[in-house]
$ cat protein.cif   # mmCIF, C-alpha atoms and all ligand atoms
data_input
loop_
_atom_site.label_atom_id
_atom_site.label_comp_id
_atom_site.auth_asym_id
_atom_site.auth_seq_id
_atom_site.Cartn_x
_atom_site.Cartn_y
_atom_site.Cartn_z
CA MET P 182 0.00 0.00 0.00
CA THR P 183 1.33 3.44 -0.94
CA PRO P 184 1.24 5.83 2.00
CA ARG P 185 -1.56 8.35 1.84
CA ARG P 186 -0.74 11.75 0.37
CA GLU P 187 -2.63 15.02 0.19
CA VAL P 188 -2.86 16.12 -3.43
CA PRO P 189 -5.06 19.18 -3.88
CA LEU P 190 -6.77 20.00 -7.17
CA ASN P 191 -4.82 23.25 -7.27
CA SER P 192 -2.47 25.17 -5.00
CA LEU P 193 -1.45 28.79 -5.49
CA ALA P 194 1.05 29.48 -2.71
CA PRO P 195 3.99 27.46 -4.14
CA GLY P 196 3.90 29.35 -7.44
CA VAL P 197 3.94 32.70 -5.66
CA GLN P 198 6.75 31.65 -3.30
CA ALA P 199 8.89 30.46 -6.23
CA ILE P 200 9.11 34.01 -7.61
CA ARG P 201 8.51 35.84 -4.36
CA GLU P 202 11.43 38.28 -4.80
CA ASP P 203 10.14 39.48 -8.16
CA ILE P 204 6.63 39.89 -6.79
CA ASP P 205 7.87 41.78 -3.74
CA ALA P 206 9.91 44.08 -5.99
CA ALA P 207 6.89 44.74 -8.21
CA VAL P 208 4.65 45.55 -5.26
CA ASP P 209 7.34 47.72 -3.68
CA ARG P 210 7.75 49.70 -6.90
CA VAL P 211 4.02 50.49 -6.99
CA LEU P 212 3.80 51.41 -3.31
CA ARG P 213 6.78 53.76 -3.57
CA ARG P 214 5.42 55.44 -6.69
CA GLY P 215 1.98 55.93 -5.16
CA TRP P 216 0.15 55.61 -8.52
CA PHE P 217 -2.49 52.89 -8.33
CA LEU P 218 -4.73 53.04 -11.41
CA LEU P 219 -4.12 53.60 -15.15
CA GLY P 220 -0.41 54.25 -14.66
CA PRO P 221 2.95 53.07 -16.01
CA GLU P 222 2.70 49.47 -14.72
CA LEU P 223 -0.53 48.93 -16.67
CA ALA P 224 0.95 50.50 -19.80
CA ALA P 225 4.05 48.31 -19.53
CA PHE P 226 2.10 45.10 -18.95
CA GLU P 227 -0.33 45.86 -21.79
CA GLN P 228 2.57 46.40 -24.14
CA THR P 229 4.39 43.20 -23.14
CA PHE P 230 1.25 41.07 -23.19
CA ALA P 231 0.28 42.44 -26.62
CA ALA P 232 3.81 41.86 -27.97
CA TYR P 233 3.75 38.26 -26.67
CA HIS P 234 0.93 37.72 -29.19
CA GLY P 235 2.53 39.64 -32.06
CA ALA P 236 3.57 43.16 -33.05
CA GLU P 237 0.15 44.00 -34.55
CA PHE P 238 -1.76 43.43 -31.29
CA ARG P 239 -3.01 45.87 -28.70
CA CYS P 240 -4.02 44.98 -25.16
CA VAL P 241 -6.48 46.80 -22.88
CA GLY P 242 -6.37 45.76 -19.22
CA VAL P 243 -9.72 45.56 -17.43
CA GLY P 244 -11.08 44.48 -14.04
CA SER P 245 -11.85 40.79 -14.72
CA GLY P 246 -12.20 38.15 -17.41
CA THR P 247 -15.97 38.52 -17.37
CA ASP P 248 -15.60 42.26 -17.94
CA ALA P 249 -13.10 41.56 -20.72
CA LEU P 250 -15.75 39.42 -22.43
CA ARG P 251 -18.48 42.03 -21.96
CA ILE P 252 -16.27 44.93 -23.06
CA GLY P 253 -14.87 42.86 -25.94
CA LEU P 254 -18.41 42.19 -27.19
CA GLN P 255 -19.41 45.85 -26.81
CA ALA P 256 -16.22 47.00 -28.52
CA LEU P 257 -17.15 44.75 -31.45
CA GLY P 258 -20.50 46.53 -31.65
CA VAL P 259 -22.66 43.88 -29.95
CA GLY P 260 -25.64 45.25 -28.05
CA PRO P 261 -29.40 45.01 -27.45
CA GLY P 262 -31.29 43.07 -30.13
CA ASP P 263 -28.21 41.05 -31.10
CA GLU P 264 -27.71 37.33 -30.66
CA VAL P 265 -24.36 35.85 -29.63
CA LEU P 266 -23.68 32.17 -30.28
CA ALA P 267 -21.94 30.66 -27.26
CA PRO P 268 -21.28 27.34 -25.54
CA ALA P 269 -23.18 26.32 -22.38
CA ASN P 270 -20.42 24.08 -20.96
CA ALA P 271 -17.89 26.77 -19.96
CA GLY P 272 -19.46 27.91 -16.74
CA VAL P 273 -21.63 30.96 -16.27
CA PRO P 274 -19.14 33.84 -17.05
CA PRO P 275 -19.29 33.79 -20.88
CA VAL P 276 -23.09 33.72 -20.83
CA ALA P 277 -23.30 36.34 -18.07
CA ALA P 278 -21.06 38.59 -20.20
CA VAL P 279 -23.36 38.28 -23.23
CA VAL P 280 -26.36 39.24 -21.10
CA ALA P 281 -24.41 42.10 -19.48
CA ALA P 282 -23.63 43.44 -22.97
CA GLY P 283 -27.41 43.60 -23.52
CA ALA P 284 -27.42 40.78 -26.06
CA ARG P 285 -29.10 37.38 -26.11
CA PRO P 286 -27.07 34.16 -25.85
CA VAL P 287 -27.89 31.39 -28.34
CA PHE P 288 -26.44 28.15 -27.04
CA CYS P 289 -24.52 25.85 -29.39
CA ASP P 290 -23.36 22.33 -28.69
CA VAL P 291 -19.71 21.32 -28.44
CA GLU P 292 -17.52 18.61 -29.98
CA PRO P 293 -17.10 15.88 -27.34
CA ALA P 294 -13.38 15.37 -28.07
CA SER P 295 -12.35 19.01 -27.59
CA HIS P 296 -15.23 20.27 -25.37
CA CYS P 297 -15.20 23.34 -27.64
CA LEU P 298 -17.84 24.80 -30.00
CA ASP P 299 -18.96 22.60 -32.88
CA PRO P 300 -18.79 24.75 -36.06
CA ALA P 301 -21.65 22.74 -37.62
CA ASP P 302 -23.91 23.72 -34.73
CA ILE P 303 -23.01 27.40 -35.21
CA GLU P 304 -24.25 27.06 -38.81
CA ARG P 305 -27.43 25.36 -37.63
CA ARG P 306 -28.35 27.88 -34.93
CA ALA P 307 -27.27 31.24 -36.42
CA SER P 308 -30.38 33.32 -37.15
CA SER P 309 -30.58 36.65 -38.98
CA ARG P 310 -30.22 38.39 -35.59
CA ALA P 311 -26.88 36.67 -34.89
CA ARG P 312 -24.09 39.23 -34.56
CA ALA P 313 -21.14 37.39 -33.00
CA VAL P 314 -19.69 34.06 -31.91
CA LEU P 315 -18.13 33.73 -28.46
CA VAL P 316 -15.78 30.76 -28.69
CA VAL P 317 -14.22 29.36 -25.49
CA HIS P 318 -10.86 27.56 -25.60
CA LEU P 319 -11.89 25.30 -22.76
CA TYR P 320 -9.46 23.64 -20.34
CA GLY P 321 -6.47 25.03 -22.28
CA GLN P 322 -7.17 23.67 -25.75
CA VAL P 323 -7.74 25.93 -28.77
CA ALA P 324 -11.11 25.30 -30.45
CA ASP P 325 -11.41 24.30 -34.11
CA MET P 326 -10.83 27.89 -35.23
CA GLY P 327 -10.69 27.03 -38.92
CA GLY P 328 -14.25 25.74 -38.70
CA VAL P 329 -15.46 28.49 -36.35
CA LEU P 330 -14.05 31.26 -38.56
CA GLU P 331 -15.52 29.73 -41.71
CA ALA P 332 -18.98 29.39 -40.15
CA SER P 333 -18.73 32.97 -38.82
CA ARG P 334 -17.29 34.76 -41.85
CA THR P 335 -19.86 33.40 -44.30
CA ARG P 336 -22.58 34.89 -42.04
CA GLY P 337 -20.81 38.15 -41.29
CA LEU P 338 -20.43 37.33 -37.57
CA SER P 339 -17.70 38.80 -35.39
CA VAL P 340 -15.63 36.33 -33.37
CA LEU P 341 -14.59 36.88 -29.75
CA GLU P 342 -12.25 34.29 -28.23
CA ASP P 343 -12.54 33.49 -24.53
CA CYS P 344 -8.90 32.75 -23.58
CA ALA P 345 -9.47 32.67 -19.80
CA GLN P 346 -8.16 29.08 -19.73
CA ALA P 347 -5.78 29.25 -22.68
CA HIS P 348 -2.98 31.81 -22.14
CA GLY P 349 -0.15 30.69 -24.42
CA ALA P 350 -2.05 27.81 -26.06
CA ARG P 351 -1.41 27.22 -29.76
CA HIS P 352 -3.10 25.59 -32.69
CA ARG P 353 -0.67 24.81 -35.55
CA GLY P 354 1.71 27.38 -34.15
CA GLN P 355 -0.86 30.17 -33.83
CA LEU P 356 -1.62 31.49 -30.36
CA ALA P 357 -5.06 31.49 -28.75
CA GLY P 358 -6.39 35.03 -28.89
CA THR P 359 -4.93 35.80 -32.32
CA TRP P 360 -7.58 34.05 -34.45
CA GLY P 361 -10.75 36.09 -34.01
CA ASP P 362 -11.61 39.80 -34.11
CA ALA P 363 -10.81 40.17 -30.41
CA ALA P 364 -10.01 38.02 -27.39
CA ALA P 365 -10.78 38.18 -23.68
CA PHE P 366 -8.35 37.00 -21.01
CA SER P 367 -8.92 36.45 -17.30
CA PHE P 368 -6.14 36.79 -14.72
CA TYR P 369 -8.22 35.26 -11.93
CA PRO P 370 -5.67 33.78 -9.48
CA THR P 371 -6.15 30.14 -10.58
CA LYS P 372 -5.67 30.80 -14.30
CA ASN P 373 -2.45 29.85 -16.13
CA LEU P 374 -1.47 33.52 -15.83
CA GLY P 375 -3.03 34.64 -12.56
CA ALA P 376 -2.99 37.88 -10.59
CA LEU P 377 -3.23 38.25 -6.81
CA GLY P 378 -6.88 39.19 -7.20
CA ASP P 379 -9.18 40.00 -10.10
CA GLY P 380 -7.94 41.08 -13.50
CA GLY P 381 -8.57 40.70 -17.20
CA ALA P 382 -7.66 42.02 -20.64
CA VAL P 383 -9.01 42.51 -24.13
CA LEU P 384 -6.60 41.70 -26.97
CA THR P 385 -7.16 42.73 -30.59
CA ALA P 386 -5.27 43.65 -33.74
CA GLN P 387 -8.02 46.07 -34.81
CA PRO P 388 -7.10 49.59 -33.61
CA GLU P 389 -10.72 50.84 -33.51
CA VAL P 390 -11.77 47.87 -31.33
CA ALA P 391 -8.89 48.52 -28.91
CA ASP P 392 -9.79 52.20 -28.85
CA ARG P 393 -13.43 51.43 -28.00
CA ALA P 394 -12.40 48.92 -25.31
CA ALA P 395 -10.16 51.57 -23.72
CA LEU P 396 -13.09 54.01 -23.64
CA LEU P 397 -15.48 51.36 -22.29
CA ARG P 398 -13.26 50.53 -19.31
CA ASN P 399 -13.31 54.12 -18.04
CA TYR P 400 -16.71 55.85 -18.45
CA GLY P 401 -16.17 56.47 -22.14
CA TRP P 402 -13.52 59.07 -21.32
CA ARG P 403 -10.85 59.89 -23.85
CA GLN P 404 -10.16 63.06 -21.93
CA GLN P 405 -10.71 62.99 -18.18
CA TYR P 406 -14.31 63.74 -17.14
CA LEU P 407 -15.58 63.98 -20.74
CA SER P 408 -17.59 60.92 -21.90
CA GLU P 409 -17.86 59.84 -25.53
CA LEU P 410 -20.13 56.88 -24.81
CA HIS P 411 -22.15 55.17 -22.05
CA SER P 412 -20.09 53.01 -19.75
CA THR P 413 -19.15 52.31 -16.16
CA ASN P 414 -15.58 51.45 -15.19
CA SER P 415 -13.52 48.24 -15.11
CA ARG P 416 -9.77 48.67 -14.72
CA LEU P 417 -6.72 46.47 -14.17
CA ASP P 418 -4.95 48.14 -11.25
CA GLU P 419 -1.24 48.93 -11.01
CA LEU P 420 -0.45 46.30 -8.36
CA GLN P 421 -2.00 43.52 -10.43
CA ALA P 422 -0.38 44.76 -13.64
CA ALA P 423 3.06 44.85 -11.98
CA VAL P 424 2.62 41.32 -10.60
CA LEU P 425 1.35 40.02 -13.96
CA ALA P 426 4.36 41.52 -15.73
CA ALA P 427 6.63 39.67 -13.29
CA LYS P 428 4.77 36.41 -13.96
CA LEU P 429 4.40 36.68 -17.74
CA GLY P 430 8.04 35.72 -18.34
CA HIS P 431 7.33 32.37 -16.70
CA LEU P 432 4.13 31.53 -18.58
CA ASP P 433 5.69 29.35 -21.29
CA GLU P 434 7.80 27.41 -18.78
CA TRP P 435 4.75 26.86 -16.51
CA ASN P 436 2.65 25.73 -19.49
CA ALA P 437 5.41 23.34 -20.55
CA ARG P 438 5.38 21.83 -17.06
CA ARG P 439 1.60 21.41 -17.28
CA ARG P 440 2.08 19.51 -20.57
CA GLU P 441 4.71 17.34 -18.90
CA LEU P 442 2.30 16.49 -16.08
CA ALA P 443 -0.48 15.74 -18.58
CA ALA P 444 1.86 13.37 -20.44
CA LEU P 445 2.60 11.67 -17.13
CA TYR P 446 -1.11 11.21 -16.41
CA ARG P 447 -1.52 9.71 -19.89
CA GLU P 448 1.36 7.29 -19.29
CA HIS P 449 -0.21 6.09 -16.04
CA LEU P 450 -3.83 6.02 -17.22
CA SER P 451 -3.75 5.10 -20.92
CA ASP P 452 -5.11 1.59 -20.45
CA VAL P 453 -7.88 2.03 -17.88
CA PRO P 454 -11.22 0.76 -19.18
CA GLY P 455 -14.11 3.02 -18.17
CA LEU P 456 -11.96 6.15 -18.22
CA VAL P 457 -11.79 8.57 -21.17
CA LEU P 458 -8.61 10.68 -21.28
CA PRO P 459 -8.62 14.20 -22.77
CA SER P 460 -7.75 14.41 -26.46
CA ASP P 461 -4.12 15.21 -27.20
CA PRO P 462 -4.14 17.65 -30.13
CA GLY P 463 -0.33 17.89 -30.23
CA ALA P 464 0.12 14.14 -30.56
CA SER P 465 -2.25 13.88 -33.53
CA GLU P 466 0.22 16.05 -35.46
CA GLY P 467 2.98 13.62 -34.58
CA GLN P 468 4.69 16.15 -32.34
CA SER P 469 5.54 15.29 -28.81
CA ALA P 470 7.59 18.09 -27.29
CA GLY P 471 6.11 21.57 -27.48
CA GLY P 472 7.84 24.79 -28.34
CA GLN P 473 8.57 24.35 -32.04
CA PRO P 474 6.83 26.64 -34.50
CA GLY P 475 3.76 25.02 -36.03
CA ALA P 476 3.09 22.92 -32.96
CA THR P 477 -0.32 22.52 -31.39
CA GLU P 478 0.05 23.12 -27.69
CA HIS P 479 -2.65 22.39 -25.15
CA VAL P 480 -1.86 24.35 -21.97
CA HIS P 481 -3.87 22.11 -19.61
CA HIS P 482 -5.46 24.74 -17.46
CA LEU P 483 -7.30 21.67 -16.21
CA PHE P 484 -6.72 17.95 -16.78
CA VAL P 485 -10.24 16.72 -17.43
CA VAL P 486 -11.09 13.03 -17.77
CA ARG P 487 -14.51 11.54 -18.49
CA VAL P 488 -16.01 8.86 -16.28
CA PRO P 489 -19.25 7.59 -17.84
CA GLY P 490 -21.72 6.48 -15.17
CA ARG P 491 -19.34 6.58 -12.18
CA ARG P 492 -18.00 10.13 -11.95
CA ASP P 493 -19.34 11.01 -8.50
CA GLU P 494 -18.39 7.60 -7.11
CA LEU P 495 -14.78 8.03 -8.31
CA ARG P 496 -14.74 11.56 -6.92
CA ALA P 497 -15.71 10.35 -3.44
CA PHE P 498 -13.19 7.48 -3.64
CA LEU P 499 -10.38 9.93 -4.45
CA ALA P 500 -11.46 12.40 -1.75
CA GLU P 501 -11.17 9.61 0.84
CA ARG P 502 -7.59 9.10 -0.32
CA GLY P 503 -6.58 12.76 -0.06
CA ILE P 504 -6.94 13.64 -3.75
CA GLY P 505 -8.78 16.83 -4.66
CA THR P 506 -10.87 16.86 -7.82
CA GLY P 507 -13.27 19.29 -9.49
CA VAL P 508 -16.23 19.26 -11.83
CA HIS P 509 -15.96 21.91 -14.56
CA TYR P 510 -18.89 22.39 -14.78
CA PRO P 511 -21.72 20.51 -13.05
CA ALA P 512 -24.66 22.36 -14.63
CA PRO P 513 -24.65 23.66 -18.21
CA ALA P 514 -25.76 27.30 -18.44
CA HIS P 515 -28.95 26.51 -20.41
CA LEU P 516 -30.16 24.35 -17.49
CA GLN P 517 -29.59 27.06 -14.85
CA ALA P 518 -32.64 29.09 -13.87
CA PRO P 519 -31.48 32.60 -14.85
CA TYR P 520 -30.38 31.47 -18.34
CA ALA P 521 -33.03 28.83 -19.11
CA GLU P 522 -35.10 31.41 -21.02
CA PHE P 523 -32.35 31.57 -23.66
CA GLY P 524 -32.10 27.81 -24.20
CA GLY P 525 -34.16 24.89 -25.43
CA GLY P 526 -34.25 23.02 -22.12
CA PRO P 527 -33.03 19.50 -21.31
CA GLY P 528 -32.06 17.52 -24.40
CA SER P 529 -31.35 20.60 -26.53
CA LEU P 530 -27.54 20.25 -26.23
CA PRO P 531 -26.90 16.49 -26.08
CA HIS P 532 -23.08 16.54 -26.03
CA THR P 533 -22.94 19.38 -23.51
CA GLU P 534 -25.36 17.61 -21.18
CA GLN P 535 -23.56 14.27 -21.41
CA LEU P 536 -20.17 15.88 -20.73
CA ALA P 537 -21.57 17.67 -17.66
CA ARG P 538 -22.44 14.26 -16.20
CA GLU P 539 -19.04 12.73 -16.98
CA VAL P 540 -16.28 15.33 -16.57
CA LEU P 541 -13.82 15.16 -13.67
CA SER P 542 -10.78 17.41 -13.21
CA LEU P 543 -7.71 15.79 -11.66
CA PRO P 544 -5.02 17.78 -9.77
CA MET P 545 -3.10 20.10 -12.13
CA TYR P 546 -0.77 23.01 -11.43
CA PRO P 547 2.87 23.61 -12.40
CA GLU P 548 4.31 22.88 -8.95
CA LEU P 549 2.57 19.50 -8.75
CA ARG P 550 5.23 16.80 -8.37
CA ASP P 551 5.63 13.72 -10.56
CA GLU P 552 5.05 11.50 -7.54
CA ASP P 553 1.76 13.30 -6.80
CA VAL P 554 0.54 12.44 -10.30
CA ALA P 555 1.74 8.85 -9.84
CA TYR P 556 -0.18 8.61 -6.55
CA ALA P 557 -3.37 10.14 -7.97
CA ALA P 558 -3.19 7.89 -11.05
CA GLU P 559 -2.56 4.82 -8.89
CA GLN P 560 -5.71 5.56 -6.88
CA VAL P 561 -7.75 6.04 -10.07
CA ARG P 562 -6.53 2.64 -11.26
CA ALA P 563 -7.37 1.12 -7.89
CA PHE P 564 -10.92 2.42 -8.20
CA PHE P 565 -11.47 0.78 -11.57
CA ARG P 566 -9.72 -2.44 -10.50
CA ARG P 567 -12.19 -2.70 -7.64
CA GLY P 568 -14.99 -2.90 -10.21
CA ALA P 569 -18.52 -1.54 -10.02
C1 LIG J 601 -12.44 32.27 -15.32
C2 LIG J 601 -13.21 32.32 -16.59
C3 LIG J 601 -13.92 33.48 -16.97
C4 LIG J 601 -14.13 34.65 -16.06
O1 LIG J 601 -13.00 35.27 -15.61
P1 LIG J 601 -13.09 36.17 -14.27
O2 LIG J 601 -11.77 36.85 -14.27
O3 LIG J 601 -13.30 35.26 -13.12
O4 LIG J 601 -14.22 37.12 -14.46
C5 LIG J 601 -14.52 33.49 -18.21
N1 LIG J 601 -14.48 32.42 -19.02
C6 LIG J 601 -13.85 31.29 -18.67
C7 LIG J 601 -13.84 30.14 -19.62
C8 LIG J 601 -13.21 31.20 -17.44
O5 LIG J 601 -12.60 30.05 -17.10
#
$ encode --input "protein.cif" --output "structure tokens" --more "lines below"
Ligand SMILES: *Cc1c(COP(=O)(O)O)cnc(C)c1O
Amino acid sequence: MTPRREVPLNSLAPGVQAIREDIDAAVDRVLRRGWFLLGPELAAFEQTFAAYHGAEFRCVGVGSGTDALRIGLQALGVGPGDEVLAPANAGVPPVAAVVAAGARPVFCDVEPASHCLDPADIERRASSRARAVLVVHLYGQVADMGGVLEASRTRGLSVLEDCAQAHGARHRGQLAGTWGDAAAFSFYPTKNLGALGDGGAVLTAQPEVADRAALLRNYGWRQQYLSELHSTNSRLDELQAAVLAAKLGHLDEWNARRRELAALYREHLSDVPGLVLPSDPGASEGQSAGGQPGATEHVHHLFVVRVPGRRDELRAFLAERGIGTGVHYPAPAHLQAPYAEFGGGPGSLPHTEQLAREVLSLPMYPELRDEDVAYAAEQVRAFFRRGA
């Protein structure tokens, strides 16, 4: 018997401690300067984060990922009377953002292998009122953007990418956030690039969209106290921007470690009947190690397996053995009371509903140790060995 370990689903303190000096220096700089909003730290982070995605991009820091989605939609011209095609399996935020922008969500089903929007369902459900597609790169994997863009362009729809779980992810070498008309990022503390509180950003290569987003985050002011459009405020503060700038240099190395841990899970769990492992988009291109141009790189914000019929039973079994798990997400948005009016009820999104019953997130964060993965995987195997 392997001795019992405690393996949490996620743990934030080790990552902060590992670069504690840089974080302390960033915080100290801001405190000494005494400039806390819309200052030089924000400008510097926006520039570096934009440049990470390419010279043509501009970044506008905002207060959260949900605000980035809402402001991104509004900056693209989405508003009352418009429909936005969106998935129902990515939690409430994307749908809440559509409603906050004054538009109406139209739920589309997802492809079971990627958990991301099914382009064929976009084509099926786009009405004449459709104005935009909100595509979520769920769990760290870039959606089928070729298909999404084709379905969108032929109907004149704008495309907003939700990159809250996909900082640094690539499809055939191209980064998440660089495919659509604009992208929204979250820097919620648990994300692959996380602040020490709330934060978010809009990324776009279209100067007029960036300009509108910058107005929308601050009362519509171009000049202080003089509004050009209706808006409240939503700003990424100087402390968070300084911390994010210190962390950004580590993003690729942390994502590479997440891929290493995912590969380790696969090694340990590849032959377990009753368990469905996440698809490995990099492997299907015949590329193992990440980093080379052209590679498809999942960034494993979460490591999500499927457990048909026995998800909750496995979850309880692992909890008894010290292993933290999560369900992302237990109830699809179209089956939650406030959003039911926008959906077709139970049975309207078959893949989404089936996935919600089967998904289970195993421990995943860059500081997780190989032996933690081995222990968690061993307990998963023990569960299935035990039988039903
Ligand atoms: C976290 C998350 C958001 C919301 O980000 P916040 O910063 O918490 O507002 C939006 N979409 C997805 C897919 C997320 O995971």
$ closest_atom_pairs --input "protein.cif" --of "chain P" --to "ligand LIG 601 (chain J)" --cutoff "8 Å" --atoms "only C-alpha atoms and all ligand atoms" --output "Markdown table"
| residue | atom | partner | partner_atom | distance |
| --- | --- | --- | --- | --- |
| P:Gly244 | CA | J:LIG601 | O2 | 7.7 |
| P:Ser245 | CA | J:LIG601 | O2 | 4.0 |
| P:Gly246 | CA | J:LIG601 | O2 | 3.4 |
| P:Thr247 | CA | J:LIG601 | O4 | 3.7 |
| P:Asp248 | CA | J:LIG601 | O4 | 6.4 |
| P:Ala249 | CA | J:LIG601 | O4 | 7.8 |
| P:Leu250 | CA | J:LIG601 | C5 | 7.4 |
| P:Ala271 | CA | J:LIG601 | C7 | 5.3 |
| P:Gly272 | CA | J:LIG601 | C7 | 6.7 |
| P:Val273 | CA | J:LIG601 | C5 | 7.8 |
| P:Pro274 | CA | J:LIG601 | C5 | 4.8 |
| P:Pro275 | CA | J:LIG601 | N1 | 5.3 |
| P:Val317 | CA | J:LIG601 | C7 | 5.9 |
| P:His318 | CA | J:LIG601 | C7 | 7.2 |
| P:Leu319 | CA | J:LIG601 | C7 | 6.1 |
| P:Tyr320 | CA | J:LIG601 | O5 | 7.8 |
| P:Asp343 | CA | J:LIG601 | N1 | 5.9 |
| P:Cys344 | CA | J:LIG601 | C7 | 6.8 |
| P:Ala345 | CA | J:LIG601 | C8 | 4.7 |
| P:Gln346 | CA | J:LIG601 | O5 | 5.3 |
| P:Phe366 | CA | J:LIG601 | O1 | 7.3 |
| P:Ser367 | CA | J:LIG601 | O2 | 4.2 |
| P:Phe368 | CA | J:LIG601 | O2 | 5.6 |
| P:Tyr369 | CA | J:LIG601 | O2 | 4.5 |
| P:Lys372 | CA | J:LIG601 | C1 | 7.0 |
| P:Asp379 | CA | J:LIG601 | O2 | 5.8 |
| P:Gly380 | CA | J:LIG601 | O2 | 5.8 |
| P:Gly381 | CA | J:LIG601 | O2 | 5.8 |
$ atom_distance --input "protein.cif" --atom1 "atom CA of Pro511 of chain P" --atom2 "atom CA of Leu254 of chain P"
26.1 Å
$ atom_distance --input "protein.cif" --atom1 "atom CA of Gly455 of chain P" --atom2 "atom CA of Ser192 of chain P"
28.3 Å
$ atom_distance --input "protein.cif" --atom1 "atom CA of Gly503 of chain P" --atom2 "atom CA of Phe565 of chain P"
17.3 Å
$ closest_residue --input "protein.cif" --among "P:Gln535, P:Ser460, P:Thr506, P:Ser295" --to "Glu494 of chain P" --atoms "only C-alpha atoms"
P:Thr506
$ closest_atom_pairs --input "protein.cif" --of "segment 246-307 of chain P" --to "segment 392-396 of chain P" --cutoff "10 Å" --atoms "all atoms listed in the file" --output "Markdown table"
| residue | atom | partner | partner_atom | distance |
| --- | --- | --- | --- | --- |
| P:Ala249 | CA | P:Ala394 | CA | 8.7 |
| P:Arg251 | CA | P:Ala394 | CA | 9.8 |
| P:Ile252 | CA | P:Ala394 | CA | 6.0 |
| P:Gly253 | CA | P:Ala394 | CA | 6.6 |
| P:Leu254 | CA | P:Ala394 | CA | 9.2 |
| P:Gln255 | CA | P:Ala394 | CA | 7.8 |
| P:Ala256 | CA | P:Arg393 | CA | 5.3 |
| P:Leu257 | CA | P:Arg393 | CA | 8.4 |
| P:Gly258 | CA | P:Arg393 | CA | 9.3 |
$ write_last_selection --input "protein.cif" --atoms "C-alpha atoms" --output "CSV table (one decimal), in the frame of the given file"
chain,number,residue,atom,x,y,z
P,249,ALA,CA,-13.1,41.6,-20.7
P,251,ARG,CA,-18.5,42.0,-22.0
P,252,ILE,CA,-16.3,44.9,-23.1
P,253,GLY,CA,-14.9,42.9,-25.9
P,254,LEU,CA,-18.4,42.2,-27.2
P,255,GLN,CA,-19.4,45.8,-26.8
P,256,ALA,CA,-16.2,47.0,-28.5
P,257,LEU,CA,-17.2,44.8,-31.4
P,258,GLY,CA,-20.5,46.5,-31.6
$ residues_around --input "protein.cif" --residues "segment 537-548 of chain P" --least-positions-apart "4" --cutoff "9 Å" --atoms "only C-alpha atoms" --output "PyMOL selection string"
chain P and resi 188-193+195-196+270+371+373+434-439+442-443+481-493+495-496+504-513+532-533+553-554+557
